[in-house]
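Chemist: Pasting in a structure now, in structure tokens, and then I'll have a few things to ask.
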Amino acid sequence: MSDSRKTPADYETALAGSDGAVAAFQHRSRGPLDTVQHFLHGSPTMVPIIVLLISVAVFGMVSNNFFSAFNLSLIMQQVAIVGILAAAQSLVILTAGIDLSIAAVMVMVSVIMGRLSIDYGLPVPLAIAVGLIVGSLTGLLNGILITKVRLPPFITTLGTWNVFLALNYYLSNRETIRSQTLDAEAPLLKVFGERFTLGGAVLTWGVVLMIVIFAVLWYMLNRTAWGRHVYAIGDDKEAAELAGIRTDRTLVSVYVLAGFIAAIAAWASIGRVGSVSPTSFFEANLESITAVVIGGISLFGGRGSILGPMIGALIVGVFNSGLRLAGVDVLWQVFATGWLIILAVAIDQWIRKVSA
């Protein structure tokens, strides 16, 4: 009976003539379009920055008054509230969700702050604190319905939008608290509407608040474990769970934070409008989503920079201001914004298809 076992020498002899090259991927040369696609894939914020620079250059040539300090500062003032809401909306969209109730929360909280201060005589700081708590609780409600009841974010926030809108009308009795009343009894509610001069530009503290909020969120999303978890959930929730991330807990915290920021926007909106109105910022919800989309954050979640929506809000403000100075009808301003949204989504789809 022969021994079928082989010695190491036998294997070495059999492999003597085999190919010893190391396995490697085949590299192909990239064309100019592929190079741009890869660059934008790695730096998604560059898309809104390029659009903003082109918009500023074009409208600067069309209108002589566009680059005036007054006009540029006015654009900043106009986009402050939408920018703050866009910051809150961005957190939710990064998790592949959406919050349709965020503007209704803002208006409802502003009514609560105003009514508690004026009608019930509550100290203004305490009324503001109650408003911030209420905003956080609205986010908690959305988060629980989405994570525990397992309702889709779109349907959940569409439902709560109607709930908060109805509560807004009920609490306000559809009445506006006038600016004169606020000046006399609760001037602190209008603090973010106060103006100051900076190098010839007239800004409000609401603009400063918007910049601070974006800076804080940038740090949270890029320098903390919580931020990495938010991106991971948006990219692939199941994979995030397998990696040990407590996805439901993180999602709830995102919606709570979004509600808290919406409450801050409520305080700032009082200063911007100068009064407490249950019908103010009626289109702010769609405008915040517009700023997020134009700002380069993917609607599919997990991709984009938090600074993009601030740039997106500025793009919308630049378009509206430039077209207005050029004498274009408001109808065509809305028309141009619609095409901006479509173009932004198309670019996002193209970037996501980047090849290796």
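We label chains A, B, ... in the order they appear in the structure tokens, count residues from 1 in each chain, and number ligands from 1 in the order shown.
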List the neighbours of Ala263 in chain A out to 6 Å using only C-alpha atoms; skip same-chain residues closer than 2 positions along the sequence, and give me the result as JSON, numbers by chain.

Modeler: {"A": [106, 109, 132, 135, 260, 261, 265, 266]}

Chemist: Any chance you could tabulate, as JSON lines, the residues of range 76-148 of chain A at most 12 Å from range 267-279 of chain A with each one's nearest atom pair and distance in Å to one decimal, using only C-alpha atoms, in chain and rising number order?

Modeler:
{"residue": "A:Met76", "atom": "CA", "partner": "A:Arg272", "partner_atom": "CA", "distance": 11.7}
{"residue": "A:Gln77", "atom": "CA", "partner": "A:Arg272", "partner_atom": "CA", "distance": 8.0}
{"residue": "A:Gln78", "atom": "CA", "partner": "A:Arg272", "partner_atom": "CA", "distance": 8.4}
{"residue": "A:Val79", "atom": "CA", "partner": "A:Arg272", "partner_atom": "CA", "distance": 10.4}
{"residue": "A:Ala80", "atom": "CA", "partner": "A:Ala268", "partner_atom": "CA", "distance": 8.6}
{"residue": "A:Ile81", "atom": "CA", "partner": "A:Ser269", "partner_atom": "CA", "distance": 6.3}
{"residue": "A:Val82", "atom": "CA", "partner": "A:Ser269", "partner_atom": "CA", "distance": 9.5}
{"residue": "A:Gly83", "atom": "CA", "partner": "A:Ala268", "partner_atom": "CA", "distance": 11.3}
{"residue": "A:Ile84", "atom": "CA", "partner": "A:Ala268", "partner_atom": "CA", "distance": 9.1}
{"residue": "A:Leu85", "atom": "CA", "partner": "A:Ser269", "partner_atom": "CA", "distance": 10.5}
{"residue": "A:Ala103", "atom": "CA", "partner": "A:Thr279", "partner_atom": "CA", "distance": 10.8}
{"residue": "A:Ala104", "atom": "CA", "partner": "A:Pro278", "partner_atom": "CA", "distance": 9.3}
{"residue": "A:Val105", "atom": "CA", "partner": "A:Pro278", "partner_atom": "CA", "distance": 11.0}
{"residue": "A:Met106", "atom": "CA", "partner": "A:Ser269", "partner_atom": "CA", "distance": 8.3}
{"residue": "A:Val107", "atom": "CA", "partner": "A:Pro278", "partner_atom": "CA", "distance": 6.2}
{"residue": "A:Met108", "atom": "CA", "partner": "A:Pro278", "partner_atom": "CA", "distance": 7.2}
{"residue": "A:Val109", "atom": "CA", "partner": "A:Trp267", "partner_atom": "CA", "distance": 8.0}
{"residue": "A:Ser110", "atom": "CA", "partner": "A:Trp267", "partner_atom": "CA", "distance": 6.1}
{"residue": "A:Val111", "atom": "CA", "partner": "A:Val276", "partner_atom": "CA", "distance": 6.1}
{"residue": "A:Ile112", "atom": "CA", "partner": "A:Val276", "partner_atom": "CA", "distance": 9.4}
{"residue": "A:Met113", "atom": "CA", "partner": "A:Trp267", "partner_atom": "CA", "distance": 7.8}
{"residue": "A:Gly114", "atom": "CA", "partner": "A:Val276", "partner_atom": "CA", "distance": 6.4}
{"residue": "A:Arg115", "atom": "CA", "partner": "A:Val276", "partner_atom": "CA", "distance": 8.8}
{"residue": "A:Leu116", "atom": "CA", "partner": "A:Val276", "partner_atom": "CA", "distance": 11.8}
{"residue": "A:Ser117", "atom": "CA", "partner": "A:Val276", "partner_atom": "CA", "distance": 11.3}
{"residue": "A:Ile118", "atom": "CA", "partner": "A:Val276", "partner_atom": "CA", "distance": 10.6}
{"residue": "A:Val124", "atom": "CA", "partner": "A:Trp267", "partner_atom": "CA", "distance": 11.2}
{"residue": "A:Pro125", "atom": "CA", "partner": "A:Trp267", "partner_atom": "CA", "distance": 11.1}
{"residue": "A:Ala127", "atom": "CA", "partner": "A:Trp267", "partner_atom": "CA", "distance": 10.5}
{"residue": "A:Ile128", "atom": "CA", "partner": "A:Trp267", "partner_atom": "CA", "distance": 7.5}
{"residue": "A:Ala129", "atom": "CA", "partner": "A:Trp267", "partner_atom": "CA", "distance": 10.4}
{"residue": "A:Val130", "atom": "CA", "partner": "A:Trp267", "partner_atom": "CA", "distance": 11.5}
{"residue": "A:Gly131", "atom": "CA", "partner": "A:Trp267", "partner_atom": "CA", "distance": 8.5}
{"residue": "A:Leu132", "atom": "CA", "partner": "A:Trp267", "partner_atom": "CA", "distance": 8.9}
{"residue": "A:Gly135", "atom": "CA", "partner": "A:Trp267", "partner_atom": "CA", "distance": 11.0}

Chemist: I'd like the contact shell of Val334 in chain A - 12 Å cut-off, only C-alpha atoms, skipping same-chain residues fewer than 2 positions apart - returned as an mmCIF file with N, CA and C atoms, in the first residue's frame.

Modeler:
data_model
loop_
_atom_site.group_PDB
_atom_site.id
_atom_site.type_symbol
_atom_site.label_atom_id
_atom_site.label_comp_id
_atom_site.auth_asym_id
_atom_site.auth_seq_id
_atom_site.Cartn_x
_atom_site.Cartn_y
_atom_site.Cartn_z
ATOM 1 N N GLU A 283 -44.434 79.337 4.830
ATOM 2 C CA GLU A 283 -43.735 78.458 3.890
ATOM 3 C C GLU A 283 -42.345 78.060 4.385
ATOM 4 N N LEU A 286 -41.075 74.227 3.785
ATOM 5 C CA LEU A 286 -40.573 73.896 2.456
ATOM 6 C C LEU A 286 -39.266 74.627 2.167
ATOM 7 N N GLU A 287 -39.151 75.862 2.662
ATOM 8 C CA GLU A 287 -37.925 76.623 2.436
ATOM 9 C C GLU A 287 -36.737 75.985 3.150
ATOM 10 N N THR A 290 -35.717 73.045 1.126
ATOM 11 C CA THR A 290 -35.045 73.550 -0.066
ATOM 12 C C THR A 290 -33.596 73.885 0.231
ATOM 13 N N VAL A 316 -30.615 80.638 -1.927
ATOM 14 C CA VAL A 316 -32.010 81.038 -2.140
ATOM 15 C C VAL A 316 -32.166 82.535 -1.903
ATOM 16 N N GLY A 317 -31.515 83.052 -0.833
ATOM 17 C CA GLY A 317 -31.591 84.476 -0.559
ATOM 18 C C GLY A 317 -30.970 85.313 -1.653
ATOM 19 N N PHE A 319 -30.636 84.440 -4.848
ATOM 20 C CA PHE A 319 -31.506 84.360 -6.027
ATOM 21 C C PHE A 319 -32.697 85.308 -5.892
ATOM 22 N N ASN A 320 -33.357 85.260 -4.728
ATOM 23 C CA ASN A 320 -34.529 86.113 -4.529
ATOM 24 C C ASN A 320 -34.157 87.593 -4.595
ATOM 25 N N LEU A 323 -32.945 88.530 -8.334
ATOM 26 C CA LEU A 323 -34.062 88.603 -9.276
ATOM 27 C C LEU A 323 -34.968 89.790 -8.963
ATOM 28 N N ARG A 324 -35.124 90.082 -7.674
ATOM 29 C CA ARG A 324 -35.948 91.226 -7.300
ATOM 30 C C ARG A 324 -35.311 92.539 -7.764
ATOM 31 N N VAL A 328 -37.483 91.142 -11.770
ATOM 32 C CA VAL A 328 -38.187 89.920 -12.151
ATOM 33 C C VAL A 328 -39.376 89.702 -11.222
ATOM 34 N N ASP A 329 -40.492 89.289 -11.778
ATOM 35 C CA ASP A 329 -41.704 89.047 -10.998
ATOM 36 C C ASP A 329 -41.475 87.928 -9.974
ATOM 37 N N VAL A 330 -42.187 88.020 -8.855
ATOM 38 C CA VAL A 330 -42.056 87.021 -7.777
ATOM 39 C C VAL A 330 -42.364 85.624 -8.295
ATOM 40 N N LEU A 331 -43.299 85.520 -9.219
ATOM 41 C CA LEU A 331 -43.663 84.231 -9.805
ATOM 42 C C LEU A 331 -42.438 83.529 -10.367
ATOM 43 N N TRP A 332 -41.587 84.263 -11.069
ATOM 44 C CA TRP A 332 -40.412 83.659 -11.687
ATOM 45 C C TRP A 332 -39.299 83.411 -10.669
ATOM 46 N N ALA A 336 -37.570 79.833 -10.502
ATOM 47 C CA ALA A 336 -36.120 79.600 -10.470
ATOM 48 C C ALA A 336 -35.728 78.724 -9.289
ATOM 49 N N THR A 337 -36.373 78.939 -8.134
ATOM 50 C CA THR A 337 -36.074 78.119 -6.952
ATOM 51 C C THR A 337 -36.441 76.662 -7.196
ATOM 52 N N GLY A 338 -37.552 76.437 -7.879
ATOM 53 C CA GLY A 338 -37.957 75.067 -8.196
ATOM 54 C C GLY A 338 -36.919 74.345 -9.039
ATOM 55 N N TRP A 339 -36.379 75.044 -10.037
ATOM 56 C CA TRP A 339 -35.348 74.425 -10.870
ATOM 57 C C TRP A 339 -34.047 74.221 -10.108
ATOM 58 N N LEU A 340 -33.788 75.085 -9.139
ATOM 59 C CA LEU A 340 -32.611 74.894 -8.289
ATOM 60 C C LEU A 340 -32.711 73.582 -7.516
ATOM 61 N N ILE A 341 -33.898 73.310 -6.986
ATOM 62 C CA ILE A 341 -34.102 72.065 -6.232
ATOM 63 C C ILE A 341 -33.890 70.857 -7.138
#

Chemist: Which of these residues is nearest to Lys190 in chain A, using only C-alpha atoms: A:Trp205, A:Phe70, A:Trp350, A:Tyr219?

Modeler: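 That would be A:Trp205, the residue with the smallest distance to Lys190 in chain A.
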
Chemist: According to DSSP computed on the backbone, where in range 183-355 of chain A is there strand (DSSP E or B)? Give the residues as an NGL selection string.

Modeler: :A and (195-198 or 201-204 or 276)

Chemist: Can you work out the spacing between CA of Ile297 in chain A and CA of Ala240 in chain A in Å, to one decimal?

Modeler: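 CA of Ala240 in chain A lies at a distance of 19.5 Å from CA of Ile297 in chain A.
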
Chemist: Kindly give the distance, in Å, that separates CA of Ile75 in chain A and CA of Asn222 in chain A, rounded to a single decimal.

Modeler: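 About the pair CA of Ile75 in chain A and CA of Asn222 in chain A: they are 28.2 Å apart.
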
Chemist: Taking only C-alpha atoms into account, which of A:Met310, A:Val51, A:Ala57, A:Leu189 comes nearest Ile177 in chain A?

Modeler: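 Nearest to Ile177 in chain A: A:Leu189.
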
Chemist: Could you please determine the separation between CA of Leu343 in chain A and CA of Leu221 in chain A in Å, to one decimal place?

Modeler: 26.3 Å

Chemist: Return as a PyMOL selection string the full set of residues in range 70-160 of chain A whose backbone-based DSSP assignment is alpha helix (DSSP H).

Modeler: chain A and resi 70-94+102-118+124-147+153-160

Chemist: Env of Gly139 in chain A: 6 Å cut, atoms = only C-alpha atoms, seq-sep filter 3 positions within chain, self excluded. Answer as a PyMOL selection string.

Modeler: chain A and resi 136+142+255-256+259

Chemist: Would you put the residues from that selection into a file with N, CA, C and O atoms, as a tab-separated table (two decimals), in the first residue's frame?

Modeler:
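selection.tsv, freshly written:
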chain	number	residue	atom	x	y	z
A	136	SER	N	-38.61	70.74	22.53
A	136	SER	CA	-37.91	69.46	22.71
A	136	SER	C	-38.90	68.31	22.83
A	136	SER	O	-38.66	67.21	22.31
A	142	ASN	N	-42.19	62.92	18.09
A	142	ASN	CA	-41.87	62.41	16.75
A	142	ASN	C	-40.92	61.23	16.82
A	142	ASN	O	-41.10	60.22	16.13
A	255	TYR	N	-34.29	63.83	16.84
A	255	TYR	CA	-35.57	64.53	16.74
A	255	TYR	C	-35.78	65.49	17.91
A	255	TYR	O	-36.36	66.57	17.74
A	256	VAL	N	-35.30	65.12	19.09
A	256	VAL	CA	-35.40	66.03	20.24
A	256	VAL	C	-34.56	67.28	19.99
A	256	VAL	O	-35.01	68.41	20.24
A	259	GLY	N	-36.26	69.49	17.50
A	259	GLY	CA	-37.35	70.25	18.12
A	259	GLY	C	-36.83	71.40	18.97
A	259	GLY	O	-37.42	72.49	18.99
